[in-house]
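Q: Quick one: structure below, then a few questions.
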Protein chains: 2
Amino acid sequence: MARFVKVAAAQMGPVQRSEDRASVVKRLVRMMQEAHGWGCDIVVFPELALTTFFPRWLIEDEDELDSYYETAMPNTDVQPLFDEAKKLGIGFCLGYCEIVHENGRKRRFNTSITVDKSGEIIGKYRKIHMPGNSEVWDKPAQHLEKRYFEIGDLGFPVFEGFGGKLGMAICNDRRWPETYRCMGLQGVEMVMIGYNTPVGIDYNFDHDVLASFHNHLVLQAGAHQNSTWVVAVAKCGIEESSKMIGQSCIIAPSGEIVAMSSTLGDEVIVHKCDLDAGLSYKEDLFNLGLHRRPEHYGLIVETAGPVTPQK
Amino acid sequence: MARFVKVAAAQMGPVQRSEDRASVVKRLVRMMQEAHGWGCDIVVFPELALTTFFPRWLIEDEDELDSYYETAMPNTDVQPLFDEAKKLGIGFCLGYCEIVHENGRKRRFNTSITVDKSGEIIGKYRKIHMPGNSEVWDKPAQHLEKRYFEIGDLGFPVFEGFGGKLGMAICNDRRWPETYRCMGLQGVEMVMIGYNTPVGIDYNFDHDVLASFHNHLVLQAGAHQNSTWVVAVAKCGIEESSKMIGQSCIIAPSGEIVAMSSTLGDEVIVHKCDLDAGLSYKEDLFNLGLHRRPEHYGLIVETAGPVTPQK
């Protein structure tokens with residue numbers, strides 16, 4: 001038995017501050033066309049794909065800040081991507097910044113959507129694990145995601161699409177085993193993840209030299225431990241003097257990397273993924289229902305951070 | 001700042017059915033002496049170190065089955081190991097099978113203890129993630145751990161010892177991110193893990209060829225995601241025609257393997273571990289209290305196995 005989905009990971013090179021959405025969307029459309037040329041069913045774009053990664057700056061002007069967010073999806077700028085997808089009959093996954101107005105309050109989220117081959121949005125996720133700070137810290141580089149985004153309020157949804165069970169995560173989410181497990185417990189078969197991962201942010205050189213190793217380690221473990229495909233896609237290269245890692249990859253439910261980008265620019269990599277490839281693990285080694293012991297996992301939900309060990 | 005502990009991982013070659021405990025303990029003592037020669041503070045032995053890995057057989061005779069368990073620790077057979085440890089002033093971690101009588105009931109556990117330099121038992125753990133089956137299955141090789149052991153009832157204890165916060169896990173426990181996280185949330189700094197990992201058990205050749213890769217993947221991810229040292233020690237080689245993987249290793253809080261065995265026999269590997277090496281991660285990238293979102297992790301404790309996704 002096999003259920004194949006042909007997937008493209010469309011890595012992006014940098015988006016400089018001066019580049020407008022129309023230009024970015026053209027780049028996305030070009031990669032979508034390349035993915036279609038490979039015969040792909042779906043193409044996965046990075047986190048925060050439409051603009052430069054603005055949380056690296058303190059932006060105090062509200063209008064300037066708002067200019068990085070979308071108030072509707074699709075919208076005039078992004079419509080060409082939806083149109084092209086529908087024309088070609090290819091789905092896509094896209095990360096962007098979202099403003100919604102609820103009860104007179106402006107809410108900001110770091111969001112990802114999955115769109116099917118007919119142009120319909122079939123899945124939406126809002127980033128839960130927000131890295132960085134909410135206040136400016138005493139170092140030359142900032143990472144102000146906690147300032148610019150609320151914690152996602154949609155949980156870790158798993159939804160039907162492309163003949164399987166799909167999920168999404170965004171950037172820092174991928175470092176936390178809870179992310180994959182919450183989807184694994186819903187039987188997820190493919191997790192699509194976009195990221196912008198700068199190095200040099202926290203000035204731990206020993207962390208920086210391991211950034212690409214850590215990127216793959218957490219992705220591969222998440223795939224293996226939940227018997228799911230993982231498609232992880234970077235925006236990378238040197239963006240406004242910030243250096244961001246690449247090594248976008250497609251990972252099998254075995255945890256093996258089966259495709260990886262070889263540049264730090266716009267680049268499409270592809271793989272024909274059998275959504276049944278995780279079955280032999282799900283039935284045996286990682287038969288969650290047979291082997292997990294939730295009665296011993298209480299701490300995981302009882303506390304965010306360390307508690308004093310009980311002797 | 002640095003808090004060094006010199007650790008030895010004492011990998012064991014096979015223990016055949018015919019080998020008695022006195023002989024096995026002599027092998028352990030020899031490796032303990034070698035570890036002491038390296039100046040080590042503690043030596044870690046594998047899971048189920050004192051006998052052959054009997055869950056590969058269906059044993060219906062109660063007396064024969066009982067012969068693989070210890071009813072006291074220490075006991076006459078194991079006393080020489082405790083004596084040597086006290087004489088040398090070195091601690092150790094040891095896996096064995098335990099029978100306890102409680103309320104007129106005989107209870108069996110797959111257990112691990114940590115002993116300090118004075119010979120006192122300072123930590124005890126009973127294996128929680130039991131692999132295999134409770135009934136014989138229709139394949140030539142068996143793995144009857146679920147038949148021969150109850151699920152551990154001590155949780156995932158973290159305890160003080162050797163100047164740091166220590167924890168233990170046993171074999172299949174290491175494949176589950178919940179194991180490390182439950183200890184990470186108690187601030188663990190070193191997790192000691194013994195394993196007996198046969199290949200060819202479930203007759204998935206595609207799993208077998210990846211057995212060593214998976215071994216390291218889950219150990220490295222567990223270390224990295226919880227900023228802790230992991231010491232993982234195999235009983236390996238060909239034991240009663242069962243082929244068991246080696247590659248015992250010591251893993252830094254960065255997730256890097258810093259020492260690894262190079263044989264499938266009795267072998268001591270060592271590393272000088274700085275218990276503060278995880279601090280820079282614990283304060284930043286993996287500051288659990290700052291970044292985790294337990295309010296979204298409910299599923300992890302609400303169900304053992306997959307539930308239907310909520311659309």
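Every chain in the structure tokens has a letter given in the order shown (A, B, ...), and although residue numbers restart at 1 in each chain, ligands are simply numbered from 1 in the order shown.
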Using only C-alpha atoms, determine which residues of chain A fall within 6 Å of chain B; present them as a PyMOL selection string.
A: chain A and resi 155+158-159+185-187+288-289+292+294+296+301+304-309+311
Q: Please provide as JSON, numbers by chain all residues within 10 Å of Phe53 in chain A, with the sequence filter that same-chain residues fewer than 3 positions apart are discarded (counting only C-alpha atoms).
A: {"A": [14, 15, 16, 17, 47, 48, 49, 50, 56, 57, 68, 143, 145, 196, 197, 198, 235, 239, 240, 242]}
Q: Those same residues, written as a short mmCIF file (atom, residue, chain, number, x, y, z; two decimals), in the first residue's frame with N, CA, C and O atoms?
A:
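Below is the file that was written, selection.cif:
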data_model
loop_
_atom_site.label_atom_id
_atom_site.label_comp_id
_atom_site.auth_asym_id
_atom_site.auth_seq_id
_atom_site.Cartn_x
_atom_site.Cartn_y
_atom_site.Cartn_z
N PRO A 14 17.10 35.80 1.08
CA PRO A 14 16.66 36.93 1.90
C PRO A 14 15.60 37.80 1.21
O PRO A 14 15.54 37.87 -0.01
N VAL A 15 14.79 38.45 2.04
CA VAL A 15 13.89 39.51 1.57
C VAL A 15 14.34 40.80 2.26
O VAL A 15 14.21 40.92 3.48
N GLN A 16 14.92 41.69 1.50
CA GLN A 16 15.40 42.93 2.11
C GLN A 16 14.21 43.86 2.39
O GLN A 16 13.14 43.73 1.80
N ARG A 17 14.46 44.80 3.29
CA ARG A 17 13.40 45.73 3.71
C ARG A 17 12.80 46.48 2.53
O ARG A 17 11.60 46.79 2.51
N GLU A 47 8.28 30.47 6.93
CA GLU A 47 7.66 31.39 7.89
C GLU A 47 7.84 32.82 7.40
O GLU A 47 8.89 33.15 6.83
N LEU A 48 6.84 33.66 7.64
CA LEU A 48 6.99 35.11 7.45
C LEU A 48 7.65 35.34 6.08
O LEU A 48 8.68 35.97 5.95
N ALA A 49 6.96 34.78 5.05
CA ALA A 49 7.57 34.72 3.72
C ALA A 49 7.44 36.02 2.93
O ALA A 49 8.19 36.27 2.00
N LEU A 50 6.49 36.88 3.31
CA LEU A 50 6.14 38.00 2.43
C LEU A 50 6.98 39.25 2.67
O LEU A 50 6.96 40.17 1.85
N ARG A 56 13.72 41.73 14.11
CA ARG A 56 15.11 42.06 14.47
C ARG A 56 15.26 43.53 14.84
O ARG A 56 16.35 43.95 15.25
N TRP A 57 14.19 44.33 14.65
CA TRP A 57 14.25 45.75 14.98
C TRP A 57 13.18 46.13 15.99
O TRP A 57 12.09 45.54 15.99
N TYR A 68 3.86 45.36 8.13
CA TYR A 68 4.43 44.02 7.94
C TYR A 68 3.37 42.92 8.07
O TYR A 68 3.68 41.75 7.89
N HIS A 143 15.60 40.34 19.04
CA HIS A 143 14.71 39.33 18.49
C HIS A 143 13.39 39.48 19.25
O HIS A 143 13.18 38.88 20.29
N GLU A 145 10.12 38.85 18.86
CA GLU A 145 8.88 38.14 18.52
C GLU A 145 7.85 38.19 19.65
O GLU A 145 6.66 38.28 19.41
N ASN A 196 12.80 31.17 10.04
CA ASN A 196 13.83 32.20 9.86
C ASN A 196 14.75 32.04 11.06
O ASN A 196 14.35 32.37 12.18
N THR A 197 15.95 31.53 10.87
CA THR A 197 16.81 31.24 12.02
C THR A 197 18.15 31.96 11.91
O THR A 197 19.08 31.49 11.26
N PRO A 198 18.22 33.14 12.55
CA PRO A 198 19.46 33.91 12.54
C PRO A 198 20.50 33.31 13.48
O PRO A 198 20.14 32.68 14.48
N LYS A 235 13.75 30.63 5.28
CA LYS A 235 14.18 31.86 4.62
C LYS A 235 15.58 32.08 5.16
O LYS A 235 15.80 32.04 6.37
N GLU A 239 20.13 38.68 5.30
CA GLU A 239 18.96 39.57 5.15
C GLU A 239 19.20 40.76 6.05
O GLU A 239 19.21 40.62 7.28
N GLU A 240 19.36 41.93 5.46
CA GLU A 240 19.60 43.15 6.25
C GLU A 240 20.72 42.92 7.27
O GLU A 240 20.58 43.24 8.44
N SER A 242 21.60 40.39 8.75
CA SER A 242 21.36 39.25 9.66
C SER A 242 21.63 37.96 8.88
O SER A 242 21.11 37.77 7.78
#
Q: Quick one: everything within 7 Å of Val231 in chain B, counting only C-alpha atoms, minus sequence neighbours fewer than 6 positions away in the same chain. Send it as JSON, numbers by chain.
A: {"B": [9, 191, 192, 193, 249, 250, 251]}
Q: What are the DSSP strand (DSSP E or B) residues of range 65-294 of chain B, as JSON, numbers by chain?
A: {"B": [70, 91, 92, 93, 94, 95, 96, 97, 98, 99, 100, 101, 102, 105, 106, 107, 108, 109, 110, 111, 112, 113, 114, 115, 121, 122, 123, 124, 125, 126, 158, 159, 160, 161, 164, 165, 166, 167, 168, 169, 170, 190, 191, 192, 193, 194, 195, 196, 198, 229, 230, 231, 232, 233, 234, 235, 237, 238, 239, 242, 243, 244, 249, 250, 251, 257, 258, 259, 260, 267, 268, 269, 270, 271, 272, 273, 274]}
Q: Run DSSP on the backbone and grab whatever in range 19-250 of chain A lands in helix (DSSP H, G or I); send it over as a PyMOL selection string.
A: chain A and resi 21-37+54-56+62-66+79-88+145-148+171-175+177-184+205-208+211-226
Q: What does the distance from CA of Ser212 in chain B to CA of Ile245 in chain B come to in Å, to one decimal?
A: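 Spanning CA of Ser212 in chain B to CA of Ile245 in chain B is a straight-line distance of 6.8 Å.
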